[in-house]
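Text of start.txt, listed as compact mmCIF, C-alpha atoms:
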# COMPACT_ATOMS: atom_id res chain seq x y z
CA MET A 1 -6.52 2.41 28.81
CA SER A 2 -5.99 1.32 32.34
CA ASN A 3 -3.13 1.28 34.74
CA PRO A 4 -3.66 -1.60 37.17
CA ALA A 5 -0.44 -0.79 39.03
CA GLU A 6 -2.03 2.33 40.45
CA GLY A 7 -5.45 0.86 40.92
CA THR A 8 -6.99 3.90 39.26
CA ARG A 9 -8.59 4.44 35.91
CA THR A 10 -6.27 6.16 33.50
CA LEU A 11 -6.55 7.11 29.88
CA VAL A 12 -3.31 6.23 28.11
CA ILE A 13 -2.31 7.05 24.54
CA GLU A 14 1.09 5.87 23.29
CA ARG A 15 2.93 6.25 20.02
CA VAL A 16 6.50 5.97 18.72
CA PHE A 17 7.53 9.00 16.70
CA PRO A 18 10.52 8.77 14.31
CA HIS A 19 12.13 11.81 15.90
CA PRO A 20 14.66 12.28 18.73
CA PRO A 21 13.47 13.08 22.29
CA GLU A 22 14.97 16.59 22.02
CA LYS A 23 12.56 17.44 19.23
CA LEU A 24 9.57 15.96 21.06
CA TRP A 25 10.50 17.92 24.16
CA ARG A 26 10.52 21.16 22.17
CA ALA A 27 7.09 20.38 20.70
CA LEU A 28 5.76 19.69 24.18
CA THR A 29 7.29 22.66 25.99
CA GLU A 30 7.75 25.59 23.59
CA SER A 31 4.54 27.57 23.68
CA PRO A 32 4.37 28.52 19.95
CA LEU A 33 5.05 24.90 18.92
CA LEU A 34 2.59 23.57 21.49
CA ALA A 35 -0.03 25.90 20.01
CA GLN A 36 0.38 24.27 16.62
CA TRP A 37 -0.76 20.83 17.71
CA MET A 38 -2.58 21.35 21.00
CA MET A 39 -4.22 24.73 21.57
CA ASN A 40 -3.26 28.35 22.07
CA ASN A 41 -1.54 28.62 25.43
CA ASP A 42 0.71 30.62 27.74
CA PHE A 43 2.65 27.58 28.88
CA GLU A 44 6.13 27.83 30.38
CA PRO A 45 8.10 24.78 31.52
CA VAL A 46 8.37 25.95 35.13
CA VAL A 47 7.00 23.92 38.04
CA GLY A 48 4.17 25.80 39.75
CA ARG A 49 3.46 27.95 36.70
CA LYS A 50 -0.29 28.41 36.11
CA PHE A 51 -1.32 28.59 32.46
CA GLN A 52 -4.27 28.07 30.16
CA PHE A 53 -5.06 26.27 26.96
CA ARG A 54 -7.67 28.16 24.96
CA ALA A 55 -9.85 26.84 22.18
CA GLU A 56 -13.03 28.10 20.52
CA PRO A 57 -15.84 28.16 23.09
CA MET A 58 -18.58 25.64 22.46
CA PRO A 59 -21.85 24.66 24.14
CA ASN A 60 -21.14 23.40 27.68
CA TRP A 61 -17.51 24.42 27.50
CA ASN A 62 -16.04 27.94 27.55
CA GLY A 63 -12.98 26.76 25.63
CA VAL A 64 -10.59 27.20 28.54
CA VAL A 65 -8.44 24.55 30.18
CA ASP A 66 -6.89 25.75 33.46
CA CYS A 67 -3.53 24.14 34.13
CA GLU A 68 -0.63 24.21 36.55
CA VAL A 69 2.78 22.72 35.82
CA LEU A 70 3.56 19.82 38.17
CA ILE A 71 6.67 18.12 36.78
CA VAL A 72 9.40 19.32 34.41
CA ASP A 73 11.99 16.62 33.95
CA PRO A 74 13.74 17.68 30.71
CA LEU A 75 13.57 15.17 27.85
CA GLN A 76 11.80 12.66 30.09
CA ARG A 77 8.69 13.75 31.94
CA LEU A 78 6.23 16.62 31.83
CA SER A 79 3.06 16.88 33.87
CA TYR A 80 0.32 19.42 34.45
CA ASN A 81 -3.12 19.69 35.98
CA TRP A 82 -5.95 19.81 33.49
CA GLY A 83 -9.05 21.62 34.72
CA VAL A 84 -12.22 22.13 32.71
CA GLY A 85 -15.25 24.11 33.86
CA GLY A 86 -13.73 26.27 36.61
CA ALA A 87 -12.30 25.50 40.02
CA GLU A 88 -15.63 25.20 41.83
CA SER A 89 -17.84 23.05 39.66
CA GLY A 90 -15.36 21.77 37.13
CA LEU A 91 -13.47 18.55 36.58
CA GLN A 92 -9.79 18.14 37.30
CA TRP A 93 -7.36 15.72 35.73
CA VAL A 94 -3.62 15.29 35.67
CA VAL A 95 -1.83 14.90 32.35
CA LEU A 96 1.56 13.17 32.38
CA TRP A 97 3.84 12.96 29.35
CA THR A 98 6.66 10.42 29.40
CA LEU A 99 9.35 10.30 26.71
CA THR A 100 11.53 7.21 26.29
CA PRO A 101 14.20 6.77 23.61
CA ALA A 102 13.11 3.96 21.30
CA GLU A 103 14.62 2.31 18.27
CA GLY A 104 14.45 4.85 15.47
CA GLY A 105 12.79 7.51 17.56
CA THR A 106 10.96 8.30 20.76
CA HIS A 107 8.20 6.48 22.57
CA VAL A 108 5.63 8.99 23.79
CA ARG A 109 3.12 8.10 26.46
CA MET A 110 0.29 10.43 27.48
CA GLU A 111 -1.55 9.55 30.62
CA GLN A 112 -4.65 11.40 31.78
CA SER A 113 -5.90 10.49 35.21
CA GLY A 114 -7.48 11.72 38.38
CA PHE A 115 -10.37 13.71 39.64
CA ARG A 116 -10.88 16.87 41.60
CA PRO A 117 -8.03 17.30 44.11
CA ASP A 118 -10.40 16.98 47.07
CA GLN A 119 -11.51 13.61 45.77
CA GLN A 120 -8.13 12.13 45.01
CA ALA A 121 -7.38 10.93 48.52
CA ALA A 122 -10.81 9.34 48.69
CA TYR A 123 -10.56 7.35 45.53
CA GLN A 124 -6.87 6.51 45.57
CA GLY A 125 -7.01 5.12 49.08
CA ALA A 126 -10.26 3.32 48.55
CA ASN A 127 -10.65 -0.38 49.13
CA TYR A 128 -12.88 -0.38 46.12
CA GLY A 129 -10.33 0.64 43.57
CA TRP A 130 -11.33 2.79 40.69
CA GLN A 131 -10.09 0.10 38.34
CA LYS A 132 -12.45 -2.41 39.88
CA PHE A 133 -15.28 0.05 39.61
CA PHE A 134 -14.66 0.67 35.94
CA ASP A 135 -14.37 -3.05 35.27
CA GLY A 136 -17.84 -3.29 36.75
CA LEU A 137 -18.96 -0.34 34.67
CA GLU A 138 -17.81 -2.04 31.49
CA ARG A 139 -19.60 -5.21 32.52
CA VAL A 140 -22.79 -3.36 33.34
CA LEU A 141 -22.83 -1.49 30.07
CA GLY A 142 -21.73 -4.50 28.05
CA GLY A 143 -18.36 -3.08 27.06
CA GLY A 144 -18.01 -0.04 24.86
CA VAL A 145 -15.17 1.65 26.71
CA GLY A 146 -12.38 1.92 24.15
CA MET B 1 -11.95 19.40 15.84
CA VAL B 2 -11.75 19.47 19.61
CA PHE B 3 -13.71 16.84 21.49
CA PHE B 4 -14.72 17.60 25.02
CA VAL B 5 -17.00 16.04 27.53
CA LYS B 6 -19.86 18.15 28.75
CA PRO B 7 -18.86 18.52 32.40
CA ALA B 8 -22.40 19.43 33.37
CA ASN B 9 -23.56 15.99 32.29
CA ALA B 10 -20.79 13.80 33.67
CA ASN B 11 -20.25 15.69 36.91
CA PRO B 12 -23.01 14.30 39.18
CA ALA B 13 -22.11 10.70 38.36
CA PHE B 14 -18.37 11.31 38.78
CA ARG B 15 -18.91 13.07 42.07
CA ALA B 16 -21.34 10.54 43.45
CA LEU B 17 -19.01 7.67 42.69
CA ALA B 18 -15.82 9.35 43.87
CA ASP B 19 -16.78 8.31 47.41
CA PRO B 20 -15.73 4.71 48.18
CA THR B 21 -18.77 3.91 50.33
CA ARG B 22 -21.19 5.18 47.70
CA ARG B 23 -19.29 3.26 45.03
CA ALA B 24 -19.54 0.11 47.15
CA ILE B 25 -23.30 0.60 47.61
CA PHE B 26 -23.79 1.20 43.90
CA GLU B 27 -21.70 -1.85 42.99
CA GLU B 28 -23.68 -3.98 45.39
CA LEU B 29 -26.92 -2.85 43.76
CA THR B 30 -25.61 -3.61 40.25
CA ARG B 31 -24.41 -7.05 41.42
CA ARG B 32 -27.42 -8.17 43.40
CA GLY B 33 -30.34 -6.17 42.12
CA GLU B 34 -32.90 -4.35 44.22
CA GLN B 35 -32.24 -4.12 47.95
CA THR B 36 -33.72 -2.52 51.04
CA VAL B 37 -31.99 0.21 53.02
CA HIS B 38 -31.63 -2.33 55.85
CA ALA B 39 -29.81 -4.83 53.67
CA LEU B 40 -27.55 -2.13 52.28
CA THR B 41 -26.77 -0.94 55.79
CA ARG B 42 -25.66 -4.42 56.81
CA TYR B 43 -23.51 -4.60 53.70
CA ALA B 44 -21.94 -1.14 53.93
CA GLY B 45 -20.97 -1.40 57.58
CA VAL B 46 -21.91 2.20 58.38
CA SER B 47 -24.99 3.60 60.16
CA GLN B 48 -28.37 3.63 58.48
CA PRO B 49 -28.59 7.46 58.43
CA ALA B 50 -25.20 7.47 56.69
CA VAL B 51 -26.42 4.94 54.12
CA SER B 52 -29.59 6.98 53.55
CA LYS B 53 -27.48 10.07 52.98
CA HIS B 54 -25.32 8.22 50.45
CA LEU B 55 -28.42 6.92 48.70
CA THR B 56 -29.75 10.47 48.41
CA VAL B 57 -26.56 11.55 46.64
CA LEU B 58 -26.77 8.53 44.31
CA LYS B 59 -30.43 9.33 43.67
CA ARG B 60 -29.63 12.94 42.76
CA ALA B 61 -27.06 11.67 40.26
CA LYS B 62 -29.82 9.42 38.88
CA LEU B 63 -27.67 6.37 39.62
CA VAL B 64 -30.36 4.71 41.74
CA ARG B 65 -34.16 4.69 41.97
CA HIS B 66 -36.30 3.87 44.96
CA ARG B 67 -39.78 2.66 45.76
CA HIS B 68 -41.66 2.26 49.03
CA GLU B 69 -43.17 -1.03 50.04
CA GLY B 70 -44.76 -1.13 53.46
CA ARG B 71 -42.24 0.35 55.87
CA GLU B 72 -39.26 -0.53 53.73
CA THR B 73 -37.63 1.52 50.99
CA HIS B 74 -36.17 -0.49 48.14
CA TYR B 75 -33.36 0.78 45.94
CA ARG B 76 -32.14 -0.39 42.59
CA ALA B 77 -29.29 0.69 40.31
CA GLN B 78 -29.79 2.76 37.16
CA PRO B 79 -26.64 1.97 35.19
CA ASP B 80 -27.78 4.13 32.26
CA ALA B 81 -26.71 7.14 34.31
CA LEU B 82 -23.12 5.99 33.81
CA ALA B 83 -23.29 6.77 30.09
CA PRO B 84 -21.77 10.27 30.42
CA MET B 85 -18.71 8.74 32.11
CA VAL B 86 -18.26 6.30 29.27
CA ASP B 87 -18.68 9.20 26.86
CA TRP B 88 -15.91 10.97 28.72
CA LEU B 89 -13.48 8.12 28.18
CA ASN B 90 -14.38 7.74 24.52
CA LEU B 91 -14.32 11.46 23.77
CA TYR B 92 -11.01 12.14 25.46
CA GLY B 93 -9.52 9.12 23.75
CA ALA B 94 -10.55 10.62 20.40
CA PHE B 95 -9.29 14.03 21.47
CA TRP B 96 -5.78 12.78 22.32
CA ARG B 97 -5.43 10.60 19.22
CA ASP B 98 -6.31 13.66 17.17
CA ARG B 99 -3.66 15.69 19.05
CA PHE B 100 -1.07 12.97 18.45
CA ASP B 101 -1.78 13.14 14.72
CA GLN B 102 -1.27 16.90 14.76
CA LEU B 103 1.91 16.49 16.80
CA GLU B 104 3.20 14.08 14.18
CA ASN B 105 2.48 16.63 11.43
CA LEU B 106 4.27 19.36 13.37
CA LEU B 107 7.34 17.17 13.94
CA LYS B 108 7.62 16.63 10.17
CA ARG B 109 7.58 20.37 9.60
CA MET B 110 10.12 21.21 12.35
CA GLU B 111 13.86 21.52 11.73
CA PRO B 112 15.65 18.29 12.62
For the file at hand, write its structure as structure tokens.
Amino acid sequence: MSNPAEGTRTLVIERVFPHPPEKLWRALTESPLLAQWMMNNDFEPVVGRKFQFRAEPMPNWNGVVDCEVLIVDPLQRLSYNWGVGGAESGLQWVVLWTLTPAEGGTHVRMEQSGFRPDQQAAYQGANYGWQKFFDGLERVLGGGVG
Amino acid sequence: MVFFVKPANANPAFRALADPTRRAIFEELTRRGEQTVHALTRYAGVSQPAVSKHLTVLKRAKLVRHRHEGRETHYRAQPDALAPMVDWLNLYGAFWRDRFDQLENLLKRMEP
């Protein structure tokens, strides 16, 4: 779940799917397909495009994820901001999808990282790396971070 | 099923610890136990008013507690306040694994 190279805490999920990258790319970037496995959305694969994922509202969450497309690198990389709870008081992450051809299919890596934009400089440039902090956190709490 | 963190719960801890000086102070308290503002000031290498300000933010996030003894104020870490951050990691992990499963189902249904 961590990415020591960047010195920041990152949530990483990886899986090899027995399908070609072209098909994965469609599932990731065509709005109606994306809706079938993620959430309803008005996504378009255009850098700078603001869009939303919308789910059923629930307590403490209005069901909206505010996003902006950051990277569109066809068949290889896709990235967008991921904001929950509004611009002022909410939390901001960056989601990065990386597709790599693998034997018999495509290796898919999803990486979710970051904080509010105004905090990124602070924590990325910090002497006390986020990774180190979370290592301490795991120690303090006696593990439990999957 | 969509899993989401409750931002209202995790936010104060995330914000308080996004600052490197505050993180350093908090780490020092978890490593070495209770300390005075003076000791923390020597450790942090910034002015005492600055340290006091940082401690106030940590206190508001419930990451530290304080007590007065004579003219000194002693602070100690409250690591339980980190629980919402751990929840965040666990919940989002579950969320994405669930999405991956649904993606896999969709890929099976799609034309080759």
Atomic distance CA of Leu11 (chain A) - CA of Arg31 (chain B), expressed in Å with one decimal:
25.5 Å
Quote the spacing between CA of Leu28 (chain A) and CA of Ser113 (chain A) in Å to one decimal place.
18.5 Å
Identify every residue of chain B that has at least one atom within 6 Å of any atom of chain A, counting all atoms listed in the file, and report the result as a PDB file with C-alpha atoms, in the frame of the given file.
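Result file follows (part.pdb):
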ATOM      1  CA  LYS B   6     -19.860  18.150  28.750  1.00  0.00           C
ATOM      2  CA  ALA B  18     -15.820   9.350  43.870  1.00  0.00           C
ATOM      3  CA  PRO B  20     -15.730   4.710  48.180  1.00  0.00           C
ATOM      4  CA  GLN B 102      -1.270  16.900  14.760  1.00  0.00           C
ATOM      5  CA  LEU B 103       1.910  16.490  16.800  1.00  0.00           C
TER       6      LEU B 103
END
Tell me, in Å to one decimal, how far CA of Ser47 (chain B) is from CA of Asn11 (chain B).
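Separation between CA of Ser47 (chain B) and CA of Asn11 (chain B): 26.6 Å.
Residues lying within 8 Å of Leu96 (chain A), counting only C-alpha atoms and ignoring same-chain neighbours fewer than 2 positions away, are Arg77, Leu78, Ser79, Tyr80, Val94, Thr98, Arg109, Met110, Glu111 and Gln112 of chain A.
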Of B:Thr36, B:Asp19, B:Asp101, B:Val46, the one nearest to Thr73 (chain B) when counting all atoms listed in the file is B:Thr36
